[in-house]
>>> print(open('target_5.txt').read())   # compact mmCIF, C-alpha atoms
# COMPACT_ATOMS: atom_id res chain seq x y z
CA MET V 256 73.21 134.80 76.82
CA SER V 257 75.95 132.44 75.63
CA TRP V 258 77.01 129.24 77.33
CA ARG V 259 80.22 130.94 78.49
CA ASP V 260 78.39 133.42 80.73
CA PRO V 261 77.58 131.81 84.07
CA SER V 262 73.97 132.17 85.04
CA ARG V 263 73.05 133.73 88.33
CA ARG V 264 71.51 130.45 89.51
CA ALA V 265 74.68 128.46 88.75
CA ALA V 266 76.87 131.00 90.52
CA VAL V 267 74.66 130.96 93.62
CA ALA V 268 74.62 127.15 93.64
CA ALA V 269 78.42 126.98 93.34
CA LEU V 270 78.85 129.47 96.17
CA ALA V 271 76.40 127.58 98.37
CA THR V 272 78.26 124.33 97.70
CA LEU V 273 81.60 125.88 98.62
CA LEU V 274 80.20 127.32 101.82
CA ALA V 275 78.54 124.02 102.76
CA VAL V 276 81.74 122.02 102.18
CA GLY V 277 83.78 124.53 104.16
CA ALA V 278 81.29 124.59 107.00
CA CYS V 279 81.11 120.81 107.38
CA GLY V 280 84.73 120.53 108.48
CA PHE V 281 86.02 119.26 105.15
CA THR V 282 89.81 119.02 105.17
CA PRO V 283 91.83 118.05 102.09
CA VAL V 284 93.51 114.68 102.64
CA TYR V 285 96.95 116.04 101.77
CA GLY V 286 96.40 119.44 103.41
CA PRO V 287 98.13 120.54 106.64
CA GLN V 288 95.53 118.87 108.89
CA GLY V 289 94.55 116.08 106.46
CA GLY V 290 94.68 112.35 107.04
CA GLY V 291 97.40 111.91 104.43
CA THR V 292 99.92 113.55 106.72
CA ALA V 293 98.97 111.20 109.57
CA LEU V 294 99.78 108.12 107.47
CA PHE V 295 102.54 109.29 105.14
CA GLY V 296 105.72 107.42 106.03
CA GLN V 297 104.02 105.81 109.04
CA VAL V 298 102.74 102.47 107.69
CA ARG V 299 104.61 99.16 107.58
CA VAL V 300 103.02 96.85 105.03
CA ALA V 301 103.17 93.11 105.72
CA ASP V 302 105.92 91.30 103.84
CA PRO V 303 104.90 89.94 100.43
CA ARG V 304 104.69 86.21 99.79
CA THR V 305 103.64 86.22 96.13
CA GLN V 306 104.11 88.39 93.06
CA ASP V 307 100.58 89.76 93.58
CA ASP V 308 101.49 90.67 97.18
CA PHE V 309 104.65 92.40 95.99
CA THR V 310 102.74 94.52 93.46
CA PHE V 311 100.15 95.39 96.12
CA MET V 312 102.82 96.34 98.69
CA ARG V 313 104.76 98.45 96.17
CA GLN V 314 101.62 100.41 95.22
CA VAL V 315 100.69 101.05 98.87
CA GLN V 316 104.22 102.30 99.55
CA ASP V 317 104.11 104.49 96.44
CA ARG V 318 100.96 106.13 97.78
CA LEU V 319 101.78 106.27 101.50
CA GLY V 320 105.51 106.87 101.34
CA PRO V 321 108.40 104.85 102.67
CA GLU V 322 107.87 102.23 105.33
CA GLY V 323 107.25 103.57 108.82
CA SER V 324 106.72 102.02 112.21
CA ARG V 325 103.65 103.68 113.72
CA TYR V 326 101.05 101.47 112.00
CA ASP V 327 101.05 97.91 110.64
CA LEU V 328 98.99 97.00 107.58
CA ALA V 329 98.04 93.33 107.33
CA TYR V 330 96.25 92.19 104.18
CA ARG V 331 95.09 89.12 102.30
CA LEU V 332 94.60 89.05 98.53
CA THR V 333 92.26 86.61 96.85
CA VAL V 334 92.15 86.33 93.05
CA ALA V 335 89.68 84.11 91.20
CA VAL V 336 90.08 83.32 87.50
CA VAL V 337 86.71 83.07 85.76
CA PRO V 338 86.16 82.11 82.10
CA GLN V 339 84.23 84.86 80.30
CA ALA V 340 84.09 84.29 76.56
CA ILE V 341 83.62 80.69 75.44
CA THR V 342 83.28 79.76 71.77
CA PRO V 343 80.80 77.13 70.49
CA ASP V 344 83.79 74.76 70.35
CA GLU V 345 84.19 75.30 74.13
CA VAL V 346 87.42 77.27 73.83
CA THR V 347 87.80 80.10 76.33
CA THR V 348 89.00 83.29 74.66
CA ARG V 349 88.80 85.67 77.61
CA TYR V 350 89.23 85.35 81.36
CA SER V 351 88.15 87.67 84.14
CA LEU V 352 90.23 88.10 87.28
CA ASN V 353 88.03 88.89 90.28
CA GLY V 354 90.06 90.15 93.21
CA THR V 355 89.43 90.92 96.85
CA ALA V 356 91.73 92.55 99.39
CA THR V 357 90.93 92.20 103.07
CA TYR V 358 92.98 94.58 105.22
CA GLN V 359 93.53 95.63 108.81
CA LEU V 360 95.49 98.66 110.04
CA THR V 361 96.72 98.42 113.63
CA ASP V 362 98.67 100.72 115.91
CA SER V 363 102.14 99.16 116.31
CA ALA V 364 102.62 100.28 119.90
CA SER V 365 99.28 99.29 121.39
CA GLY V 366 98.07 96.67 118.92
CA ALA V 367 94.73 98.51 118.74
CA ARG V 368 92.81 98.13 115.52
CA VAL V 369 92.55 101.48 113.72
CA THR V 370 90.46 100.33 110.76
CA GLU V 371 89.71 97.24 108.72
CA GLY V 372 87.73 96.36 105.66
CA GLN V 373 87.50 94.67 102.32
CA VAL V 374 87.63 95.96 98.76
CA SER V 375 87.08 94.19 95.46
CA ASN V 376 87.63 94.82 91.79
CA PHE V 377 88.07 92.97 88.52
CA THR V 378 89.94 93.03 85.26
CA SER V 379 90.29 90.67 82.31
CA TYR V 380 92.63 89.45 79.63
CA SER V 381 92.40 87.75 76.26
CA THR V 382 93.68 84.28 75.41
CA VAL V 383 93.56 84.84 71.66
CA GLY V 384 97.11 84.72 70.33
CA THR V 385 100.27 82.92 71.24
CA THR V 386 100.99 81.28 74.56
CA ILE V 387 103.53 84.01 75.31
CA ALA V 388 100.96 86.74 74.57
CA THR V 389 98.38 85.02 76.80
CA THR V 390 100.88 84.65 79.65
CA ALA V 391 101.93 88.29 79.32
CA GLY V 392 98.27 89.35 79.24
CA GLU V 393 97.51 87.44 82.42
CA ARG V 394 100.59 88.83 84.19
CA ASP V 395 99.61 92.37 83.17
CA ALA V 396 95.99 91.83 84.27
CA ARG V 397 97.15 90.58 87.67
CA ALA V 398 99.40 93.63 88.09
CA ARG V 399 96.52 95.96 87.14
CA LEU V 400 94.16 94.19 89.53
CA THR V 401 96.48 94.30 92.53
CA THR V 402 97.32 97.94 91.80
CA MET V 403 93.61 98.82 91.73
CA LEU V 404 93.03 96.93 94.99
CA ALA V 405 95.96 98.73 96.65
CA ASP V 406 94.62 102.10 95.50
CA GLN V 407 91.20 101.27 96.95
CA VAL V 408 92.74 100.20 100.28
CA VAL V 409 94.81 103.40 100.47
CA THR V 410 91.71 105.49 99.75
CA ARG V 411 89.90 103.76 102.61
CA LEU V 412 92.89 104.18 104.93
CA LEU V 413 93.07 107.89 104.12
CA ALA V 414 89.34 108.25 104.77
CA ALA V 415 89.83 106.62 108.20
CA ALA V 416 93.06 108.50 108.93
CA PRO V 417 91.56 111.28 111.09
CA ALA V 418 90.67 108.57 113.60
CA ALA V 419 94.28 107.38 113.43
CA ARG V 420 95.75 110.57 114.96
>>> encode(input="target_5.txt", output="structure tokens")
Amino acid sequence: MSWRDPSRRAAVAALATLLAVGACGFTPVYGPQGGGTALFGQVRVADPRTQDDFTFMRQVQDRLGPEGSRYDLAYRLTVAVVPQAITPDEVTTRYSLNGTATYQLTDSASGARVTEGQVSNFTSYSTVGTTIATTAGERDARARLTTMLADQVVTRLLAAAPAAR
């Protein structure tokens, strides 16, 4: 029996998994009854105050569609710069950016809190090279970090979306 032929045990396990997922009420997020449809084009993200906020807001809007008025998303980004690689001469050659996004989704009409939470992530950049290269590396790392945080927030919002209906 070659590796291409599915074994009877694997086929039965796959079928059992499909039946279990279907029976538990699983609905695809972007399916007809999924949470993605409840939030798409319905969320107004708080106005950005910094470049990090702008990148965060843009990514949320890319994932949830154009600004709507049914829900308001308030958020706070915190980014800490931590030295990572220090030479014996006490020169830092790499920094880590540790970020946290605290968010709250509220119903615009009633002011009721739909969901809230906090996500965190990190990225890093090198300081080896020219000043321009280091500055560009930090800017890119900040954009990556805020994009990752926005993606995590959207994932959490979509998971909570059935309660938002």
>>> closest_residue(input="target_5.txt", among="V:Ser381, V:Thr390, V:Thr333, V:Gln339", to="Phe311 in chain V", atoms="only C-alpha atoms")
V:Thr333
>>> closest_residue(input="target_5.txt", among="V:Tyr380, V:Gly320, V:Gly286, V:Ala416", to="Leu360 in chain V", atoms="only C-alpha atoms")
V:Ala416
>>> atom_distance(input="target_5.txt", atom1="CA of Asp327 in chain V", atom2="CA of Arg397 in chain V")
24.4 Å
>>> residues_around(input="target_5.txt", residues="Val284 in chain V", least_positions_apart="5", cutoff="8 Å", atoms="only C-alpha atoms", output="PyMOL selection string")
chain V and resi 289-292+413-414
>>> atom_distance(input="target_5.txt", atom1="CA of Tyr358 in chain V", atom2="CA of Pro303 in chain V")
13.7 Å
>>> closest_residue(input="target_5.txt", among="V:Leu332, V:Asp362, V:Thr378, V:Gly372", to="Gln306 in chain V", atoms="only C-alpha atoms")
V:Leu332
>>> atom_distance(input="target_5.txt", atom1="CA of Leu404 in chain V", atom2="CA of Ala388 in chain V")
24.2 Å
>>> closest_residue(input="target_5.txt", among="V:Val315, V:Ala391, V:Ala301, V:Asp307", to="Arg411 in chain V", atoms="all atoms listed in the file")
V:Val315
>>> axis_aligned_box(input="target_5.txt", around="range 401-413 of chain V", padding_each_side="8 Å", output="lines of an AutoDock Vina configuration file")
center_x = 93.6
center_y = 101.1
center_z = 98.3
size_x = 23.4
size_y = 29.6
size_z = 29.2
>>> closest_residue(input="target_5.txt", among="V:Tyr285, V:Asn353, V:Ser379, V:Thr410", to="Asp395 in chain V", atoms="all atoms listed in the file")
V:Ser379
>>> closest_residue(input="target_5.txt", among="V:Val346, V:Val300, V:Ala293, V:Met403", to="Val374 in chain V", atoms="only C-alpha atoms")
V:Met403
